[in-house]
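Okay, data-v2.tsv is below, TSV, C-alpha atoms and all ligand atoms:
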```tsv
chain	number	residue	atom	x	y	z
A	18	MET	CA	0.00	0.00	0.00
A	19	THR	CA	1.28	3.48	-0.77
A	20	THR	CA	1.57	5.31	2.51
A	21	THR	CA	1.36	9.04	3.08
A	22	ALA	CA	5.04	8.98	4.00
A	23	SER	CA	6.00	7.13	0.82
A	24	ARG	CA	3.99	9.55	-1.32
A	25	ARG	CA	5.81	12.43	0.31
A	26	GLY	CA	9.08	10.73	-0.56
A	27	ARG	CA	12.26	10.22	1.36
A	28	LYS	CA	14.32	12.98	2.82
A	29	GLY	CA	16.61	14.41	0.19
A	30	ALA	CA	14.78	12.83	-2.76
A	31	ARG	CA	14.24	15.26	-5.61
A	32	PRO	CA	10.52	15.96	-6.08
A	33	VAL	CA	9.34	14.80	-9.47
A	34	ARG	CA	6.23	15.84	-11.31
A	35	ARG	CA	3.95	12.83	-11.80
A	36	PRO	CA	1.84	13.25	-14.91
A	37	ALA	CA	-1.15	10.98	-15.24
A	38	PRO	CA	-0.18	7.99	-17.40
A	39	VAL	CA	-3.53	7.40	-18.99
A	40	GLY	CA	-5.63	10.31	-20.13
A	41	SER	CA	-9.27	10.19	-21.09
A	42	GLY	CA	-8.24	9.27	-24.64
A	43	GLY	CA	-6.09	6.34	-23.49
A	44	PRO	CA	-2.32	6.14	-23.07
A	45	THR	CA	0.02	8.02	-25.37
A	46	PRO	CA	2.41	6.13	-27.68
A	47	GLU	CA	5.24	7.35	-25.42
A	48	ALA	CA	3.52	5.86	-22.35
A	49	LYS	CA	3.19	2.54	-24.22
A	50	ARG	CA	6.85	2.60	-25.28
A	51	ARG	CA	7.94	3.35	-21.72
A	52	THR	CA	5.81	0.48	-20.41
A	53	ALA	CA	7.34	-1.84	-23.01
A	54	ARG	CA	10.83	-0.78	-21.82
A	55	ILE	CA	9.85	-1.52	-18.22
A	56	LEU	CA	8.56	-4.96	-19.16
A	57	ARG	CA	11.66	-5.72	-21.25
A	58	GLN	CA	13.88	-4.88	-18.30
A	59	LEU	CA	11.81	-7.07	-16.01
A	60	GLU	CA	11.88	-9.89	-18.56
A	61	GLU	CA	15.67	-9.78	-18.49
A	62	SER	CA	15.84	-9.77	-14.71
A	63	THR	CA	12.93	-12.21	-14.19
A	64	PRO	CA	12.75	-14.56	-17.17
A	65	GLU	CA	10.57	-17.01	-15.19
A	66	ALA	CA	7.28	-15.35	-14.35
A	67	ARG	CA	5.13	-18.15	-13.06
A	68	VAL	CA	2.46	-18.14	-10.40
A	69	GLU	CA	4.20	-19.14	-7.17
A	70	LEU	CA	1.23	-20.97	-5.66
A	71	SER	CA	1.83	-24.71	-6.05
A	72	HIS	CA	-0.90	-26.39	-8.06
A	73	ARG	CA	-1.46	-29.16	-10.61
A	74	ASN	CA	-4.84	-28.17	-12.02
A	75	PRO	CA	-7.36	-25.28	-12.08
A	76	LEU	CA	-9.19	-26.52	-8.96
A	77	GLU	CA	-5.99	-26.57	-6.91
A	78	LEU	CA	-5.04	-23.08	-8.10
A	79	LEU	CA	-8.53	-21.82	-7.32
A	80	ILE	CA	-8.36	-23.18	-3.76
A	81	ALA	CA	-4.78	-21.94	-3.27
A	82	THR	CA	-5.70	-18.46	-4.51
A	83	ILE	CA	-8.65	-18.26	-2.11
A	84	LEU	CA	-6.27	-19.26	0.69
A	85	SER	CA	-3.71	-16.63	-0.36
A	86	ALA	CA	-5.93	-13.72	0.71
A	87	GLN	CA	-4.07	-11.89	3.52
A	88	CYS	CA	-1.45	-14.64	3.48
A	89	THR	CA	1.89	-15.28	1.76
A	90	ASP	CA	2.16	-17.77	-1.10
A	91	GLN	CA	4.91	-19.47	0.90
A	92	ARG	CA	2.56	-20.14	3.82
A	93	VAL	CA	-0.17	-21.37	1.46
A	94	ASN	CA	2.32	-23.74	-0.18
A	95	GLN	CA	3.09	-25.23	3.23
A	96	VAL	CA	-0.58	-26.04	3.77
A	97	THR	CA	-1.74	-27.23	0.35
A	98	PRO	CA	0.15	-30.54	0.00
A	99	GLN	CA	-1.89	-32.03	2.86
A	100	LEU	CA	-5.05	-30.27	1.74
A	101	PHE	CA	-4.78	-31.43	-1.87
A	102	ALA	CA	-4.06	-34.98	-0.73
A	103	ARG	CA	-7.21	-34.96	1.40
A	104	TYR	CA	-9.55	-33.29	-1.12
A	105	ARG	CA	-9.09	-34.02	-4.82
A	106	ARG	CA	-12.36	-33.05	-6.50
A	107	ALA	CA	-14.81	-30.18	-6.11
A	108	GLU	CA	-17.24	-32.73	-4.64
A	109	ASP	CA	-14.75	-33.50	-1.85
A	110	TYR	CA	-14.60	-29.84	-0.78
A	111	ALA	CA	-18.36	-29.44	-1.19
A	112	GLN	CA	-19.00	-32.30	1.25
A	113	ALA	CA	-16.06	-31.64	3.56
A	114	ASP	CA	-16.32	-31.75	7.31
A	115	ARG	CA	-16.01	-28.03	8.01
A	116	THR	CA	-14.07	-28.47	11.25
A	117	GLU	CA	-11.51	-30.69	9.56
A	118	LEU	CA	-11.17	-28.29	6.61
A	119	GLU	CA	-10.73	-25.35	8.99
A	120	SER	CA	-8.02	-27.12	10.89
A	121	LEU	CA	-6.11	-27.94	7.68
A	122	ILE	CA	-6.16	-24.35	6.44
A	123	ARG	CA	-5.83	-22.64	9.83
A	124	PRO	CA	-2.19	-21.47	9.29
A	125	THR	CA	-3.31	-19.28	6.37
A	126	GLY	CA	-5.42	-17.07	8.66
A	127	PHE	CA	-9.10	-16.11	8.42
A	128	PHE	CA	-9.62	-19.85	8.23
A	129	LYS	CA	-13.31	-19.81	9.14
A	130	SER	CA	-14.34	-17.47	6.34
A	131	LYS	CA	-11.94	-19.17	3.92
A	132	ALA	CA	-13.43	-22.60	4.75
A	133	ARG	CA	-16.92	-21.17	4.27
A	134	ASN	CA	-15.93	-19.69	0.88
A	135	ILE	CA	-14.17	-22.85	-0.28
A	136	MET	CA	-17.18	-25.03	0.54
A	137	ALA	CA	-19.68	-22.60	-1.03
A	138	CYS	CA	-17.46	-22.24	-4.08
A	139	ALA	CA	-17.11	-26.02	-4.45
A	140	GLN	CA	-20.86	-26.50	-4.02
A	141	ALA	CA	-21.43	-23.99	-6.85
A	142	LEU	CA	-18.87	-25.80	-9.02
A	143	VAL	CA	-20.72	-29.06	-8.45
A	144	GLY	CA	-24.19	-27.55	-8.82
A	145	ARG	CA	-23.61	-25.29	-11.81
A	146	PHE	CA	-20.40	-26.34	-13.57
A	147	GLN	CA	-20.32	-30.14	-13.36
A	148	GLY	CA	-17.55	-29.95	-10.79
A	149	LYS	CA	-15.20	-28.17	-13.19
A	150	VAL	CA	-13.59	-24.74	-12.81
A	151	PRO	CA	-15.15	-22.53	-15.49
A	152	ALA	CA	-12.94	-20.64	-17.95
A	153	GLY	CA	-14.79	-17.33	-18.00
A	154	MET	CA	-14.55	-14.16	-15.93
A	155	GLU	CA	-18.29	-13.88	-15.35
A	156	GLU	CA	-18.65	-17.50	-14.24
A	157	LEU	CA	-15.57	-17.38	-12.03
A	158	THR	CA	-16.54	-14.16	-10.26
A	159	SER	CA	-19.99	-15.64	-9.55
A	160	LEU	CA	-18.27	-18.10	-7.18
A	161	SER	CA	-17.89	-17.43	-3.44
A	162	GLY	CA	-14.57	-15.89	-2.50
A	163	VAL	CA	-13.59	-15.28	-6.13
A	164	GLY	CA	-12.99	-11.71	-7.24
A	165	ARG	CA	-11.38	-10.37	-10.41
A	166	LYS	CA	-7.87	-10.92	-9.03
A	167	THR	CA	-8.45	-14.63	-8.40
A	168	ALA	CA	-10.33	-15.03	-11.68
A	169	ASN	CA	-7.48	-13.44	-13.62
A	170	VAL	CA	-4.94	-15.70	-11.90
A	171	ILE	CA	-6.92	-18.76	-13.02
A	172	LEU	CA	-7.65	-17.49	-16.55
A	173	GLY	CA	-4.01	-16.59	-17.20
A	174	ALA	CA	-2.26	-19.52	-15.54
A	175	CYS	CA	-4.66	-22.37	-16.32
A	176	PHE	CA	-6.58	-21.39	-19.44
A	177	GLY	CA	-4.00	-19.42	-21.39
A	178	GLN	CA	-6.23	-16.37	-21.59
A	179	PRO	CA	-4.68	-12.90	-21.52
A	180	ALA	CA	-5.26	-11.72	-17.95
A	181	VAL	CA	-3.98	-8.79	-15.91
A	182	VAL	CA	-3.70	-9.73	-12.24
A	183	VAL	CA	-3.81	-6.77	-9.84
A	184	ASP	CA	-2.88	-7.62	-6.29
A	185	THR	CA	-1.36	-5.42	-3.59
A	186	HIS	CA	2.12	-5.64	-5.21
A	187	VAL	CA	0.94	-4.76	-8.70
A	188	LYS	CA	-1.08	-1.90	-7.24
A	189	ARG	CA	1.99	-0.45	-5.51
A	190	VAL	CA	4.42	-0.99	-8.39
A	191	ALA	CA	2.04	0.33	-11.06
A	192	ASN	CA	1.59	3.54	-9.08
A	193	ARG	CA	5.27	4.01	-8.32
A	194	LEU	CA	6.17	3.49	-11.96
A	195	ARG	CA	3.41	5.83	-13.18
A	196	LEU	CA	1.63	3.06	-15.04
A	197	ALA	CA	-1.47	3.96	-13.05
A	198	SER	CA	-2.49	6.71	-10.69
A	199	THR	CA	-5.27	5.16	-8.66
A	200	GLU	CA	-5.71	2.74	-5.77
A	201	ASP	CA	-8.72	1.10	-7.43
A	202	PRO	CA	-7.69	-2.39	-8.64
A	203	GLU	CA	-10.20	-2.44	-11.51
A	204	LYS	CA	-8.97	0.92	-12.80
A	205	ILE	CA	-5.37	-0.28	-12.53
A	206	GLU	CA	-6.30	-3.44	-14.45
A	207	SER	CA	-7.87	-1.30	-17.15
A	208	ALA	CA	-4.88	1.09	-17.27
A	209	LEU	CA	-2.46	-1.83	-17.67
A	210	GLN	CA	-4.67	-3.41	-20.32
A	211	GLN	CA	-4.38	-0.20	-22.32
A	212	LEU	CA	-0.63	0.09	-21.84
A	213	ILE	CA	0.33	-3.54	-22.53
A	214	PRO	CA	-0.53	-5.57	-25.64
A	215	PRO	CA	-2.94	-8.41	-24.76
A	216	HIS	CA	-0.44	-11.18	-25.55
A	217	ARG	CA	1.76	-9.80	-22.76
A	218	TRP	CA	-0.93	-9.16	-20.12
A	219	THR	CA	-0.43	-12.38	-18.15
A	220	GLN	CA	3.37	-12.45	-18.05
A	221	GLY	CA	3.65	-8.67	-17.78
A	222	SER	CA	1.40	-8.36	-14.75
A	223	GLN	CA	3.02	-11.41	-13.15
A	224	ARG	CA	6.43	-9.75	-13.56
A	225	LEU	CA	5.15	-6.55	-11.97
A	226	LEU	CA	3.79	-8.68	-9.13
A	227	LEU	CA	7.11	-10.48	-8.59
A	228	HIS	CA	8.98	-7.18	-8.83
A	229	GLY	CA	6.80	-5.82	-6.03
A	230	ARG	CA	7.15	-8.95	-3.96
A	231	TYR	CA	10.94	-9.20	-4.13
A	232	VAL	CA	12.37	-5.79	-5.10
A	233	CYS	CA	9.97	-2.87	-4.91
A	234	LEU	CA	8.90	-3.71	-1.37
A	235	ALA	CA	6.24	-1.63	0.37
A	236	ARG	CA	8.29	-0.20	3.21
A	237	ALA	CA	11.88	-0.48	2.10
A	238	PRO	CA	12.15	-0.92	-1.68
A	239	ARG	CA	15.44	-2.42	-2.77
A	240	CYS	CA	16.20	0.40	-5.17
A	241	GLU	CA	19.92	-0.37	-5.11
A	242	HIS	CA	19.21	-3.72	-6.80
A	243	CYS	CA	16.38	-2.54	-9.04
A	244	PRO	CA	16.68	-3.12	-12.78
A	245	LEU	CA	14.15	-0.32	-13.32
A	246	TYR	CA	16.13	2.30	-11.45
A	247	ARG	CA	16.64	4.58	-14.46
A	248	LEU	CA	13.04	4.24	-15.58
A	249	CYS	CA	11.60	5.00	-12.14
A	250	ASP	CA	10.97	8.57	-11.08
A	251	TRP	CA	9.00	7.83	-7.95
A	252	PRO	CA	9.90	10.58	-5.45
A	253	GLY	CA	10.51	8.01	-2.71
A	254	LYS	CA	13.14	6.16	-4.72
A	255	ALA	CA	16.25	5.60	-2.61
A	256	PRO	CA	19.42	7.30	-3.91
A	257	ARG	CA	22.12	5.02	-5.26
A	301	LIG	S1	13.79	2.17	-8.20
A	301	LIG	FE1	12.98	1.62	-6.19
A	301	LIG	S2	10.94	2.51	-6.11
A	301	LIG	FE2	11.57	2.51	-8.27
A	301	LIG	S3	10.74	0.58	-9.09
A	301	LIG	FE3	12.81	0.18	-8.41
A	301	LIG	S4	12.60	-0.58	-6.31
A	301	LIG	FE4	10.67	0.44	-6.85
```
Have the structure of the file written as structure tokens, please.
Amino acid sequence: MTTTASRRGRKGARPVRRPAPVGSGGPTPEAKRRTARILRQLEESTPEARVELSHRNPLELLIATILSAQCTDQRVNQVTPQLFARYRRAEDYAQADRTELESLIRPTGFFKSKARNIMACAQALVGRFQGKVPAGMEELTSLSGVGRKTANVILGACFGQPAVVVDTHVKRVANRLRLASTEDPEKIESALQQLIPPHRWTQGSQRLLLHGRYVCLARAPRCEHCPLYRLCDWPGKAPR
């Protein structure tokens, strides 16, 4: 999250004017070229841009993504081997013993609401989608606990559809890099969709996500190691 302090910038940092990246008529060619340069740099530094939640099929990724709310992927990956061994099909989650499910997912936090969402989601999969994870945004977001972020994760990683994932890291990085100037995830998704060609949406947003997770950290960004240092004019950027 961008804090008031981070917006103000660090002591000594040169204030930089921050023009809006996307005007009412859409992004300028220069904004698109700059975004392409950013993504090229990230591609060089992060050639592998895969979803870090362990999974073997769309159902497992759906469950893992629900569990990842307010939790690290690392913690989710510690829990899912046992969970996926116990429940293999949507029917298994739909008929689960809630207490047992809660105890298996407890380390991911908010385990009661997550168990409720997982069971309701699985019941909808069984009742409306023959137990399969649907491959459409509208169908996915009709499921309990599934918002646009989760749906885009599934569509991009499992169904090969161009999908821009906006999580807390993408939100922060997109704003710092002037790819967006809003805290609203849907508006950021739309801004990135306009700046990035569709065939690069999935990998591009995943690279922004990984950049935020490992380099452009919320409180202490690792600017000294950042491959985007020259392209970044965020006022809070640490001097090299
Ligand atoms: S230079 Fe610093 S603030 Fe800018 S993108 Fe890199 S890590 Fe983030």
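Going from atom CA of A:Thr185 over to atom CA of A:Arg230, you cover 9.2 Å.
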Exercise. Name each residue within 9 Å of ligand LIG 301 (chain A), counting only C-alpha atoms and all ligand atoms, as number ranges by chain.
Key: A: 189-191, 193-194, 228-229, 232-235, 237-256
Exercise. Using all atoms listed in the file, find the one residue out of A:Ala139, A:Val181, A:Ala113, A:Leu79 that sits nearest to A:Glu206.
Key: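 For A:Glu206, the nearest of the given residues is A:Val181.
Proximity to A:Val93 was assessed for A:Arg106, A:His72, A:Arg51, A:Arg115 counting all atoms listed in the file; the smallest distance is recorded for A:His72.
Considering only C-alpha atoms, the residue among A:Pro124, A:Gly177, A:Pro98, A:Pro214 positioned nearest to A:Pro75 is A:Gly177.
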Quiz item: To one decimal place, how far is atom CA of A:Cys138 from atom CA of A:Gly162 in Å?
Solution: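 We find that atom CA of A:Cys138 and atom CA of A:Gly162 lie 7.2 Å from each other.
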Quiz item: Distance atom CA of A:His186-atom CA of A:Pro202, one decimal place?
Solution: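 These two atoms are separated by 10.9 Å.
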Edge lengths and centre in Å to one decimal, as lines of an AutoDock Vina configuration file, is what I'm after for the box along x, y and z that holds all listed atoms of stretch 41-48 of chain A once 6 Å is added on each side.
```
center_x = -2.0
center_y = 8.0
center_z = -24.4
size_x = 26.5
size_y = 16.3
size_z = 18.6
```
Quiz item: From the set A:Ile213, A:Ile83, A:Ala152, A:Ala48, which residue has the shortest atom-to-atom contact distance to A:Phe128, counting all atoms listed in the file?
Solution: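 Once distances to A:Phe128 are computed over all atoms listed in the file, the minimum belongs to A:Ile83.
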